Every structure is written in structure tokens, then in C-alpha cells.
file data.tsv (TSV, C-alpha atoms)
chain	number	residue	atom	x	y	z
T	1	MET	CA	96.37	100.50	85.20
T	2	PRO	CA	93.30	101.55	87.22
T	3	PHE	CA	93.07	100.33	90.77
T	4	ASP	CA	90.07	102.47	91.65
T	5	GLY	CA	87.21	100.03	91.25
T	6	TYR	CA	84.60	102.77	91.35
T	7	GLY	CA	86.04	104.48	88.27
T	8	HIS	CA	86.34	101.33	86.18
T	9	PRO	CA	83.78	101.01	83.33
T	10	ASP	CA	83.29	97.30	84.00
T	11	ARG	CA	82.76	97.64	87.74
T	12	ALA	CA	79.07	98.54	87.97
T	13	ASP	CA	78.24	95.33	89.82
T	14	ARG	CA	81.11	95.69	92.25
T	15	THR	CA	80.38	99.38	92.81
T	16	GLN	CA	76.86	98.60	93.95
T	17	THR	CA	78.16	95.85	96.21
T	18	ALA	CA	80.77	98.15	97.70
T	19	SER	CA	78.18	100.83	98.40
T	20	ALA	CA	76.04	98.31	100.22
T	21	HIS	CA	78.91	97.29	102.46
T	22	THR	CA	80.25	100.75	103.24
T	23	GLY	CA	76.86	101.63	104.73
T	24	PRO	CA	75.60	99.68	107.72
T	25	GLY	CA	78.15	96.89	107.35
T	26	PHE	CA	81.25	98.79	108.43
T	27	ALA	CA	79.66	102.05	109.56
T	28	GLY	CA	81.63	103.88	112.18
T	29	ALA	CA	84.83	102.02	111.30
T	30	ARG	CA	86.52	104.94	109.58
T	31	VAL	CA	90.15	104.13	108.81
T	32	SER	CA	92.65	106.51	110.39
T	33	LYS	CA	96.39	106.26	110.86
T	34	ARG	CA	96.46	108.98	113.50
T	35	GLN	CA	97.72	107.81	116.86
T	36	PRO	CA	94.79	108.13	119.30
T	37	PRO	CA	95.29	108.96	122.98
T	38	GLY	CA	96.40	105.82	124.77
T	39	GLY	CA	97.71	104.16	121.62
T	40	GLN	CA	96.16	102.09	118.84
T	41	ALA	CA	93.36	99.62	119.52
T	42	PRO	CA	94.58	96.02	119.81
T	43	VAL	CA	94.00	93.33	117.20
T	44	VAL	CA	90.87	91.38	118.18
T	45	GLN	CA	90.49	89.32	115.00
T	46	ARG	CA	92.73	88.13	112.17
T	47	ILE	CA	91.26	87.32	108.76
T	48	ARG	CA	93.16	85.23	106.22
T	49	ILE	CA	92.30	85.71	102.55
T	50	ARG	CA	93.09	83.80	99.38
T	51	TYR	CA	93.17	85.99	96.29
T	52	ALA	CA	93.93	85.59	92.59
T	53	LYS	CA	95.91	87.64	90.06
T	54	ARG	CA	94.46	87.13	86.59
T	55	GLY	CA	94.75	88.49	83.06
T	56	PRO	CA	96.67	91.77	82.66
T	57	LEU	CA	96.70	92.18	86.45
T	58	ARG	CA	99.37	89.48	86.62
T	59	PHE	CA	101.77	92.31	85.80
T	60	THR	CA	100.83	93.99	89.08
T	61	SER	CA	103.82	94.04	91.40
T	62	HIS	CA	103.51	92.99	95.02
T	63	ARG	CA	103.98	96.60	96.11
T	64	ASP	CA	101.21	97.78	93.76
T	65	PHE	CA	98.82	95.17	95.14
T	66	ALA	CA	99.66	96.13	98.72
T	67	ARG	CA	98.78	99.75	97.91
T	68	ALA	CA	95.59	98.64	96.14
T	69	ILE	CA	94.42	96.58	99.12
T	70	GLU	CA	95.11	99.49	101.48
T	71	ARG	CA	92.96	101.76	99.31
T	72	ALA	CA	90.22	99.12	99.18
T	73	ILE	CA	90.31	98.86	102.98
T	74	HIS	CA	89.91	102.63	103.22
T	75	ARG	CA	86.97	102.73	100.77
T	76	ALA	CA	85.16	99.89	102.52
T	77	ASN	CA	85.72	101.43	105.98
T	78	VAL	CA	87.22	98.18	107.23
T	79	PRO	CA	88.14	98.45	110.94
T	80	ILE	CA	91.77	97.55	110.35
T	81	ALA	CA	94.22	97.68	113.24
T	82	PHE	CA	97.43	99.70	113.10
T	83	SER	CA	100.85	99.30	114.62
T	84	GLN	CA	101.88	101.49	117.54
T	85	GLY	CA	104.33	104.34	117.29
T	86	PHE	CA	104.89	107.66	115.55
T	87	SER	CA	104.13	106.29	112.05
T	88	PRO	CA	101.44	103.59	112.40
T	89	HIS	CA	101.14	100.98	109.65
T	90	PRO	CA	98.11	98.83	108.83
T	91	LYS	CA	98.23	95.29	110.16
T	92	LEU	CA	98.68	93.50	106.82
T	93	SER	CA	100.94	90.57	106.05
T	94	PHE	CA	101.47	88.66	102.82
T	95	ALA	CA	102.73	85.11	102.32
T	96	SER	CA	105.04	84.13	99.45
T	97	ALA	CA	103.85	86.57	96.79
T	98	ALA	CA	104.15	85.46	93.16
T	99	PRO	CA	106.69	87.29	90.96
T	100	THR	CA	105.53	90.18	88.80
T	101	GLY	CA	104.25	88.92	85.45
T	102	VAL	CA	103.03	85.62	86.90
T	103	ALA	CA	99.32	84.86	87.27
T	104	SER	CA	98.12	83.10	90.39
T	105	GLU	CA	95.05	81.40	91.81
T	106	ALA	CA	96.56	81.05	95.27
T	107	GLU	CA	97.96	84.19	96.87
T	108	TYR	CA	97.44	84.81	100.59
T	109	LEU	CA	97.24	87.75	102.96
T	110	GLU	CA	96.28	88.30	106.58
T	111	ILE	CA	94.46	91.36	107.94
T	112	GLY	CA	94.44	92.32	111.63
T	113	LEU	CA	91.21	94.02	112.77
T	114	ARG	CA	90.34	96.13	115.80
T	115	GLU	CA	86.66	95.06	115.59
T	116	ARG	CA	85.13	91.70	114.78
T	117	VAL	CA	83.51	91.26	111.36
T	118	SER	CA	82.12	88.44	109.25
T	119	PRO	CA	85.00	87.13	107.10
T	120	ASP	CA	82.78	86.64	104.06
T	121	GLU	CA	81.25	90.12	104.36
T	122	LEU	CA	84.76	91.52	104.56
T	123	ARG	CA	85.81	89.60	101.46
T	124	ILE	CA	82.80	90.84	99.47
T	125	ALA	CA	83.36	94.47	100.48
T	126	LEU	CA	87.07	94.44	99.64
T	127	ASP	CA	86.55	92.54	96.39
T	128	ALA	CA	84.05	95.19	95.30
T	129	ALA	CA	86.70	97.88	95.73
T	130	LEU	CA	89.41	96.13	93.70
T	131	SER	CA	89.90	96.03	89.94
T	132	PRO	CA	88.80	92.94	87.99
T	133	GLY	CA	91.71	90.52	87.90
T	134	LEU	CA	92.56	91.10	91.56
T	135	ASP	CA	89.90	88.79	92.94
T	136	LEU	CA	89.40	87.81	96.58
T	137	MET	CA	88.34	84.16	96.55
T	138	GLU	CA	87.96	83.12	100.18
T	139	ALA	CA	88.26	84.51	103.70
T	140	VAL	CA	88.47	82.68	107.01
T	141	GLU	CA	89.16	83.73	110.58
T	142	ALA	CA	92.60	82.75	111.88
T	143	ARG	CA	92.19	80.29	114.73
T	144	SER	CA	95.82	79.51	115.48
T	145	THR	CA	98.91	81.49	116.34
T	146	ASP	CA	101.14	80.14	113.57
T	147	SER	CA	101.68	82.32	110.51
T	148	LEU	CA	100.56	81.60	106.97
T	149	ALA	CA	104.20	81.55	105.89
T	150	ASP	CA	104.81	78.61	108.24
T	151	ARG	CA	102.20	76.61	106.32
T	152	ILE	CA	103.66	77.22	102.86
T	153	THR	CA	106.49	74.93	101.83
T	154	ALA	CA	105.81	74.43	98.11
T	155	SER	CA	103.90	75.72	95.09
T	156	ARG	CA	102.41	74.07	92.05
T	157	TRP	CA	102.84	75.94	88.77
T	158	GLN	CA	101.46	75.61	85.26
T	159	VAL	CA	103.84	76.82	82.56
T	160	GLU	CA	102.62	77.28	78.98
T	161	LEU	CA	105.45	77.04	76.45
T	162	PRO	CA	104.44	78.48	73.04
T	163	GLY	CA	106.00	76.78	70.05
T	164	VAL	CA	107.41	73.89	72.09
T	165	THR	CA	106.39	70.43	70.92
T	166	SER	CA	105.27	67.65	73.22
T	167	ASP	CA	108.23	65.45	72.27
T	168	SER	CA	110.84	68.14	72.90
T	169	LEU	CA	109.37	68.98	76.32
T	170	GLU	CA	109.21	65.31	77.30
T	171	GLN	CA	112.87	64.87	76.40
T	172	ALA	CA	113.85	68.03	78.31
T	173	ILE	CA	112.00	66.82	81.42
T	174	LYS	CA	113.85	63.49	81.35
T	175	LEU	CA	117.22	65.20	81.02
T	176	PHE	CA	116.45	67.67	83.81
T	177	LEU	CA	115.20	65.07	86.29
T	178	ALA	CA	118.16	62.80	85.57
T	179	ARG	CA	120.55	65.46	86.87
T	180	GLU	CA	121.47	65.77	90.54
T	181	GLU	CA	122.26	69.45	90.01
T	182	VAL	CA	121.39	72.01	87.35
T	183	LEU	CA	123.23	75.29	87.80
T	184	VAL	CA	121.56	78.45	86.49
T	185	GLU	CA	122.25	82.16	86.76
T	186	ARG	CA	119.95	84.97	87.85
T	187	LEU	CA	120.59	88.69	87.91
T	188	THR	CA	119.96	90.01	91.44
T	189	LYS	CA	120.49	93.35	93.15
T	190	GLN	CA	123.89	92.06	94.23
T	191	GLY	CA	124.81	91.06	90.67
T	192	ARG	CA	124.71	87.70	88.92
T	193	ARG	CA	124.19	84.72	91.18
T	194	THR	CA	124.63	81.03	90.35
T	195	PHE	CA	122.54	78.41	92.15
T	196	ASP	CA	121.01	74.96	91.73
T	197	ALA	CA	117.55	74.84	90.13
T	198	ARG	CA	117.21	71.05	90.35
T	199	GLY	CA	117.18	70.48	94.11
T	200	ALA	CA	114.01	72.52	94.71
T	201	VAL	CA	111.97	70.69	92.06
T	202	HIS	CA	109.81	68.02	93.68
T	203	SER	CA	108.05	66.93	90.50
T	204	MET	CA	107.84	67.88	86.85
T	205	ARG	CA	105.56	66.48	84.18
T	206	GLN	CA	103.86	67.38	80.95
T	207	VAL	CA	100.08	67.80	80.87
T	208	PRO	CA	97.87	67.71	77.75
T	209	ALA	CA	97.33	71.06	76.05
T	210	PRO	CA	93.80	71.89	74.81
T	211	GLU	CA	93.52	71.97	71.03
T	212	VAL	CA	90.91	74.74	70.98
T	213	GLY	CA	91.29	78.19	72.52
T	214	PRO	CA	88.68	80.03	74.63
T	215	ASN	CA	87.11	81.63	71.53
T	216	GLY	CA	86.84	78.32	69.65
T	217	SER	CA	89.86	78.92	67.41
T	218	MET	CA	92.71	76.46	67.01
T	219	ARG	CA	95.47	77.08	69.52
T	220	VAL	CA	99.06	77.75	68.55
T	221	PRO	CA	101.16	74.65	69.35
T	222	CYS	CA	101.97	74.91	73.03
T	223	ALA	CA	103.35	72.35	75.46
T	224	ILE	CA	102.31	72.69	79.10
T	225	LEU	CA	104.54	71.93	82.05
T	226	ASP	CA	103.16	71.04	85.49
T	227	LEU	CA	105.72	71.85	88.15
T	228	VAL	CA	105.91	71.47	91.95
T	229	VAL	CA	108.70	73.52	93.51
T	230	ARG	CA	109.70	73.58	97.18
T	231	GLN	CA	110.29	76.79	99.09
T	232	VAL	CA	114.06	76.97	99.54
T	233	THR	CA	116.76	79.60	100.04
T	234	PRO	CA	117.64	81.05	97.63
T	235	SER	CA	114.16	80.76	96.17
T	236	VAL	CA	113.75	78.88	92.89
T	237	ARG	CA	111.14	80.38	90.57
T	238	PRO	CA	109.55	78.89	87.45
T	239	ASP	CA	111.77	81.03	85.22
T	240	ASP	CA	114.80	79.51	86.95
T	241	VAL	CA	113.52	76.04	86.10
T	242	LEU	CA	113.02	77.15	82.49
T	243	SER	CA	116.63	78.34	82.51
T	244	GLY	CA	117.57	74.86	83.72
T	245	LEU	CA	115.65	73.23	80.86
T	246	ARG	CA	117.52	75.52	78.50
T	247	VAL	CA	120.83	74.41	80.02
T	248	VAL	CA	120.18	70.65	79.84
T	249	ALA	CA	118.12	70.44	76.63
T	250	ASP	CA	118.42	73.78	74.83
T	251	LEU	CA	114.64	74.18	75.26
T	252	GLU	CA	113.55	77.64	74.14
T	253	PRO	CA	109.89	78.72	73.75
T	254	ALA	CA	108.99	80.73	70.65
T	255	ALA	CA	107.44	83.40	72.90
T	256	PRO	CA	107.63	84.22	76.61
T	257	ALA	CA	106.22	81.44	78.77
T	258	ARG	CA	102.90	82.10	80.50
T	259	VAL	CA	103.12	81.02	84.13
T	260	THR	CA	100.28	80.51	86.61
T	261	ARG	CA	100.56	79.48	90.23
T	262	LEU	CA	97.76	76.98	90.82
T	263	VAL	CA	98.28	76.03	94.46
T	264	GLN	CA	100.62	76.73	97.34
T	265	GLY	CA	100.71	75.20	100.80
T	266	THR	CA	102.33	72.43	102.81
T	267	LEU	CA	103.97	69.66	100.79
T	268	THR	CA	103.22	66.23	102.28
T	269	ALA	CA	105.32	63.08	102.11
T	270	HIS	CA	102.92	61.80	99.43
T	271	GLY	CA	103.58	64.79	97.19
T	272	GLU	CA	100.26	66.52	97.87
T	273	ILE	CA	99.99	70.23	98.68
T	274	VAL	CA	97.68	71.02	101.60
T	275	ASP	CA	95.62	74.22	101.52
T	276	PRO	CA	97.12	76.61	104.13
T	277	LEU	CA	93.63	77.77	105.14
T	278	LEU	CA	92.47	74.23	105.91
T	279	PRO	CA	93.40	74.27	109.64
T	280	ASP	CA	91.46	77.51	110.22
T	281	ARG	CA	88.52	76.30	108.16
T	282	ALA	CA	88.40	73.00	110.03
T	283	LEU	CA	88.53	74.70	113.43
T	284	HIS	CA	85.78	77.16	112.57
T	285	PRO	CA	83.26	75.78	110.05
T	286	HIS	CA	80.57	78.42	110.78
T	287	GLU	CA	81.39	82.11	110.40
T	288	PRO	CA	79.70	84.85	112.49
T	289	ALA	CA	76.72	86.42	110.77
T	290	ILE	CA	76.91	89.80	112.52
T	291	ILE	CA	79.27	92.46	111.20
T	292	GLY	CA	80.86	94.80	113.68
T	293	GLU	CA	80.41	92.41	116.61
T	294	ARG	CA	82.79	93.28	119.44

call {"tool": "encode", "arguments": {"input": "data.tsv", "output": "C-alpha cells"}}
result
Amino acid sequence: MPFDGYGHPDRADRTQTASAHTGPGFAGARVSKRQPPGGQAPVVQRIRIRYAKRGPLRFTSHRDFARAIERAIHRANVPIAFSQGFSPHPKLSFASAAPTGVASEAEYLEIGLRERVSPDELRIALDAALSPGLDLMEAVEARSTDSLADRITASRWQVELPGVTSDSLEQAIKLFLAREEVLVERLTKQGRRTFDARGAVHSMRQVPAPEVGPNGSMRVPCAILDLVVRQVTPSVRPDDVLSGLRVVADLEPAAPARVTRLVQGTLTAHGEIVDPLLPDRALHPHEPAIIGER
């Protein structure tokens, strides 16, 4: 799976964009992990980014994406800050990464910089250096000291269930929600673990499935589940909820379910999920136009 955007046959547009931004945009900001005399430069700006995992890139693991973003930072000459010490590490942090094999429209990361840049210019430069399917959607400057993880308490998921009829899914939802507890098993590094999949589920409903596919052909019968799950410990993932539906209603898709995270953020008392970038966006509606400003 190629992560080098410049070697990808479909990346001509992004290659040109990347070249434009590795010139005057971030000139002189060569990335180096070497410990300079007097220690690493301090973080002067934090940029928070929403990105998507789409198509085949949903099979990218969190570790693979972290390596890909580090390479993109190096190619774009982003003035990233590093930790102090004998083995400095780039100032990158990720919030609630989706499991491998799951697509997402709402993944988040934070980058600490040693020089000030325009958030949107940074997003464009990094996006140009990443493979299609790992798409940076938005970037804002962090304007508060709280972490992104503190703002994420729930996620909304869309789960496509091939071969499952609307009636069977509706019945399974009723049985699941009627339970106070639905025990499921998951294989972990410590062995099999049993936990409750019901308590973390805030809401569960069926949504209409389109009758026609993207290419105009008739779609295979497929029920679609809309799911809001709270962040709890141990974490409850969409596949755990599917295991719960199997327990209570013997619901079994004809093929592996296709899962997409649509939104994640703070769950309100009214059941809405608030965008975690909203506080930063509200505090700073106009981004700086000059790149490399100190």
C-alpha cells in the first residue's frame, strides 16, 4: 500500500500542490530529530486537524497512519517541534483512532510546531503528501489548553449489513434496546474478555438504504444501522454491538459489515454530538495569512 504520494500514479494534482508548499511556504523549516545545543525549540503553536480514512485506506492501522503523517511532515518541511531528550519524538497526538478496517470521516490529530504557520496552508501541504484515502479535511489553531481527547465522549457510526433485511434489523434493535445488559466476548492480548455492550449504546436506529449503487446498478439488499456509542472503559466498538445483536436476535450479515465513523465529539444531554474543533473555531474565526510568522 503506497504511502508516498509523489510516487502514486493518481497524485499528479497533489504532487504539484506539495511542490508549491515545500518552496517558499515552509522554506528553512527542515525537519531534524537531532538535539540542537540548548535543547529543542519550544512549541509556539498547536494545530488540530480532522482527517478521513476512506476506501481501501480504511485498512490502514493507526501505527501506519502515524508513520505516514511523519513522512508527510518531513516532505513538506513542516516546522514540527520535538520532545527533549536523547531520542526526540515529533510533537504529534491522536484522539480516539478508529479500529483498523473501519472507515472514518472524523479522525483527529494535533501537531505541535516550533514556528507559526497558517493552519490551512499546513493542511494543504500535508494533504498533498498523503495517499488518496487519507484526506485532511480541516485544520484550526488550538486556542485552549484542554486536549482533544477531553472533548470526545461519543461517536456516531454507520454500519452496512449485507444480506440483512429491514424487518430483521428492526426486530434485533428492539430486542437489544430492551435489555439492560448484553454480554459479549472479545479476544484481547490478555485473552478472552466478557463485557457489557448495551450500556455504552446511547441510541440505535435503522436508516433507509439507497436502492441504487454509485454506478447506477441495483444494490444488494443491505440494512443500515445508525449507532451512537459513548466512550467507556473498556471501549465498546461497533463490532461489539454487532456481537450483541447476534446474541439477542441471532442477526448475522451475509458478508462482513462495512463500518464508517461519521462523527465524534462531545455528547450533549439532547443526544447531539458537538464537533470537538468548534471551541477553537469559535475563538479564532480568522486564520493568519502569513506562513512562517514567528

call {"tool": "atom_distance", "arguments": {"input": "data.tsv", "atom1": "atom CA of Val263 of chain T", "atom2": "atom CA of Gly244 of chain T"}}
result
22.1 Å

call {"tool": "closest_atom_pairs", "arguments": {"input": "data.tsv", "of": "segment 38-90 of chain T", "to": "segment 113-118 of chain T", "cutoff": "7 Å", "atoms": "all atoms listed in the file", "output": "Markdown table"}}
result
| residue | atom | partner | partner_atom | distance |
| --- | --- | --- | --- | --- |
| T:Ala41 | CA | T:Arg114 | CA | 5.9 |
| T:Pro42 | CA | T:Arg114 | CA | 5.8 |
| T:Val43 | CA | T:Arg114 | CA | 4.8 |
| T:Val44 | CA | T:Arg114 | CA | 5.3 |
| T:Gln45 | CA | T:Leu113 | CA | 5.3 |
| T:Arg46 | CA | T:Leu113 | CA | 6.1 |
| T:Pro79 | CA | T:Leu113 | CA | 5.7 |
| T:Ile80 | CA | T:Leu113 | CA | 4.3 |
| T:Ala81 | CA | T:Leu113 | CA | 4.8 |

call {"tool": "closest_residue", "arguments": {"input": "data.tsv", "among": "T:Arg179, T:Arg192, T:Arg156, T:His74", "to": "Arg205 of chain T", "atoms": "all atoms listed in the file"}}
result
T:Arg156

call {"tool": "residues_around", "arguments": {"input": "data.tsv", "residues": "Arg48 of chain T", "least_positions_apart": "4", "cutoff": "7 Å", "atoms": "only C-alpha atoms", "output": "ChimeraX atom specification"}}
result
/T:109-111,139-142

call {"tool": "write_last_selection", "arguments": {"input": "data.tsv", "atoms": "C-alpha atoms", "output": "compact mmCIF listing (two decimals), in the coordinates of the input"}}
result
# COMPACT_ATOMS: atom_id res chain seq x y z
CA LEU T 109 97.24 87.75 102.96
CA GLU T 110 96.28 88.30 106.58
CA ILE T 111 94.46 91.36 107.94
CA ALA T 139 88.26 84.51 103.70
CA VAL T 140 88.47 82.68 107.01
CA GLU T 141 89.16 83.73 110.58
CA ALA T 142 92.60 82.75 111.88

call {"tool": "closest_residue", "arguments": {"input": "data.tsv", "among": "T:Ala98, T:Val274, T:Leu57, T:Leu267", "to": "Gly133 of chain T", "atoms": "all atoms listed in the file"}}
result
T:Leu57

call {"tool": "closest_residue", "arguments": {"input": "data.tsv", "among": "T:Arg281, T:Ser235, T:Leu251, T:Tyr108", "to": "Arg193 of chain T", "atoms": "all atoms listed in the file"}}
result
T:Ser235

call {"tool": "closest_residue", "arguments": {"input": "data.tsv", "among": "T:Cys222, T:Ala95, T:Ala197, T:Ile124", "to": "Ser168 of chain T", "atoms": "all atoms listed in the file"}}
result
T:Cys222

call {"tool": "atom_distance", "arguments": {"input": "data.tsv", "atom1": "atom CA of His62 of chain T", "atom2": "atom CA of Ser93 of chain T"}}
result
11.6 Å

call {"tool": "closest_residue", "arguments": {"input": "data.tsv", "among": "T:Arg230, T:Tyr51, T:Glu272, T:Thr60", "to": "Asp127 of chain T", "atoms": "only C-alpha atoms"}}
result
T:Tyr51

call {"tool": "atom_distance", "arguments": {"input": "data.tsv", "atom1": "atom CA of Leu161 of chain T", "atom2": "atom CA of Leu227 of chain T"}}
result
12.8 Å

call {"tool": "closest_residue", "arguments": {"input": "data.tsv", "among": "T:Arg58, T:Gly199, T:Val229, T:Ser131", "to": "Gly101 of chain T", "atoms": "all atoms listed in the file"}}
result
T:Arg58

call {"tool": "residues_near_point", "arguments": {"input": "data.tsv", "point": "(103.6, 71.6, 90.6)", "cutoff": "10 Å", "atoms": "only C-alpha atoms", "output": "PyMOL selection string"}}
result
chain T and resi 154-159+201-205+225-230+238+261-264+271-273

call {"tool": "write_last_selection", "arguments": {"input": "data.tsv", "atoms": "C-alpha atoms", "output": "CSV table (one decimal), keeping the file's coordinate frame"}}
result
chain,number,residue,atom,x,y,z
T,154,ALA,CA,105.8,74.4,98.1
T,155,SER,CA,103.9,75.7,95.1
T,156,ARG,CA,102.4,74.1,92.0
T,157,TRP,CA,102.8,75.9,88.8
T,158,GLN,CA,101.5,75.6,85.3
T,159,VAL,CA,103.8,76.8,82.6
T,201,VAL,CA,112.0,70.7,92.1
T,202,HIS,CA,109.8,68.0,93.7
T,203,SER,CA,108.0,66.9,90.5
T,204,MET,CA,107.8,67.9,86.8
T,205,ARG,CA,105.6,66.5,84.2
T,225,LEU,CA,104.5,71.9,82.0
T,226,ASP,CA,103.2,71.0,85.5
T,227,LEU,CA,105.7,71.8,88.2
T,228,VAL,CA,105.9,71.5,92.0
T,229,VAL,CA,108.7,73.5,93.5
T,230,ARG,CA,109.7,73.6,97.2
T,238,PRO,CA,109.6,78.9,87.4
T,261,ARG,CA,100.6,79.5,90.2
T,262,LEU,CA,97.8,77.0,90.8
T,263,VAL,CA,98.3,76.0,94.5
T,264,GLN,CA,100.6,76.7,97.3
T,271,GLY,CA,103.6,64.8,97.2
T,272,GLU,CA,100.3,66.5,97.9
T,273,ILE,CA,100.0,70.2,98.7

call {"tool": "residues_around", "arguments": {"input": "data.tsv", "residues": "Thr233 of chain T", "least_positions_apart": "4", "cutoff": "12 Å", "atoms": "all atoms listed in the file", "output": "number ranges by chain"}}
result
T: 153, 195-197, 199-200, 237

call {"tool": "write_last_selection", "arguments": {"input": "data.tsv", "atoms": "C-alpha atoms", "output": "compact mmCIF listing (two decimals), keeping the file's coordinate frame"}}
result
# COMPACT_ATOMS: atom_id res chain seq x y z
CA THR T 153 106.49 74.93 101.83
CA PHE T 195 122.54 78.41 92.15
CA ASP T 196 121.01 74.96 91.73
CA ALA T 197 117.55 74.84 90.13
CA GLY T 199 117.18 70.48 94.11
CA ALA T 200 114.01 72.52 94.71
CA ARG T 237 111.14 80.38 90.57

call {"tool": "residues_around", "arguments": {"input": "data.tsv", "residues": "Glu160 of chain T", "least_positions_apart": "3", "cutoff": "9 Å", "atoms": "all atoms listed in the file", "output": "list in words"}}
result
Ala209, Cys222, Ala223, Ile224, Leu225, Pro256, Ala257, Arg258, Val259 and Thr260 of chain T

call {"tool": "write_last_selection", "arguments": {"input": "data.tsv", "atoms": "C-alpha atoms", "output": "CSV table (one decimal), in the frame of the given file"}}
result
chain,number,residue,atom,x,y,z
T,209,ALA,CA,97.3,71.1,76.0
T,222,CYS,CA,102.0,74.9,73.0
T,223,ALA,CA,103.4,72.4,75.5
T,224,ILE,CA,102.3,72.7,79.1
T,225,LEU,CA,104.5,71.9,82.0
T,256,PRO,CA,107.6,84.2,76.6
T,257,ALA,CA,106.2,81.4,78.8
T,258,ARG,CA,102.9,82.1,80.5
T,259,VAL,CA,103.1,81.0,84.1
T,260,THR,CA,100.3,80.5,86.6

call {"tool": "residues_around", "arguments": {"input": "data.tsv", "residues": "Arg151 of chain T", "least_positions_apart": "4", "cutoff": "9 Å", "atoms": "all atoms listed in the file", "output": "PDB file with C-alpha atoms, in the coordinates of the input"}}
result
ATOM      1  CA  ASP T 146     101.140  80.140 113.570  1.00  0.00           C
ATOM      2  CA  SER T 147     101.680  82.320 110.510  1.00  0.00           C
ATOM      3  CA  GLY T 265     100.710  75.200 100.800  1.00  0.00           C
ATOM      4  CA  THR T 266     102.330  72.430 102.810  1.00  0.00           C
ATOM      5  CA  VAL T 274      97.680  71.020 101.600  1.00  0.00           C
ATOM      6  CA  ASP T 275      95.620  74.220 101.520  1.00  0.00           C
ATOM      7  CA  PRO T 276      97.120  76.610 104.130  1.00  0.00           C
ATOM      8  CA  LEU T 277      93.630  77.770 105.140  1.00  0.00           C
TER       9      LEU T 277
END

call {"tool": "build_atoms", "arguments": {"input": "data.tsv", "residues": "segment 187-201 of chain T", "atoms": "N, CA and C atoms", "output": "CSV table (one decimal), in the frame of the given file"}}
result
chain,number,residue,atom,x,y,z
T,187,LEU,N,120.1,87.4,87.6
T,187,LEU,CA,120.6,88.7,87.9
T,187,LEU,C,119.8,89.2,89.1
T,188,THR,N,120.6,89.5,90.2
T,188,THR,CA,120.0,90.0,91.4
T,188,THR,C,120.5,91.4,91.7
T,189,LYS,N,120.0,92.0,92.8
T,189,LYS,CA,120.5,93.4,93.2
T,189,LYS,C,122.0,93.3,93.5
T,190,GLN,N,122.5,92.2,93.9
T,190,GLN,CA,123.9,92.1,94.2
T,190,GLN,C,124.7,91.6,93.0
T,191,GLY,N,124.1,91.5,91.9
T,191,GLY,CA,124.8,91.1,90.7
T,191,GLY,C,124.4,89.7,90.3
T,192,ARG,N,125.1,89.0,89.4
T,192,ARG,CA,124.7,87.7,88.9
T,192,ARG,C,125.0,86.7,90.0
T,193,ARG,N,124.0,85.8,90.2
T,193,ARG,CA,124.2,84.7,91.2
T,193,ARG,C,123.9,83.4,90.5
T,194,THR,N,124.8,82.4,90.9
T,194,THR,CA,124.6,81.0,90.4
T,194,THR,C,124.1,80.1,91.5
T,195,PHE,N,123.1,79.3,91.2
T,195,PHE,CA,122.5,78.4,92.2
T,195,PHE,C,121.9,77.2,91.5
T,196,ASP,N,121.6,76.2,92.2
T,196,ASP,CA,121.0,75.0,91.7
T,196,ASP,C,119.5,75.1,91.6
T,197,ALA,N,119.0,74.8,90.4
T,197,ALA,CA,117.6,74.8,90.1
T,197,ALA,C,116.9,73.5,90.3
T,198,ARG,N,117.7,72.4,90.3
T,198,ARG,CA,117.2,71.0,90.4
T,198,ARG,C,116.7,70.6,91.7
T,199,GLY,N,117.5,71.0,92.8
T,199,GLY,CA,117.2,70.5,94.1
T,199,GLY,C,115.8,70.9,94.6
T,200,ALA,N,115.3,72.0,94.2
T,200,ALA,CA,114.0,72.5,94.7
T,200,ALA,C,112.8,71.9,94.0
T,201,VAL,N,113.1,71.2,92.9
T,201,VAL,CA,112.0,70.7,92.1
T,201,VAL,C,111.5,69.3,92.6
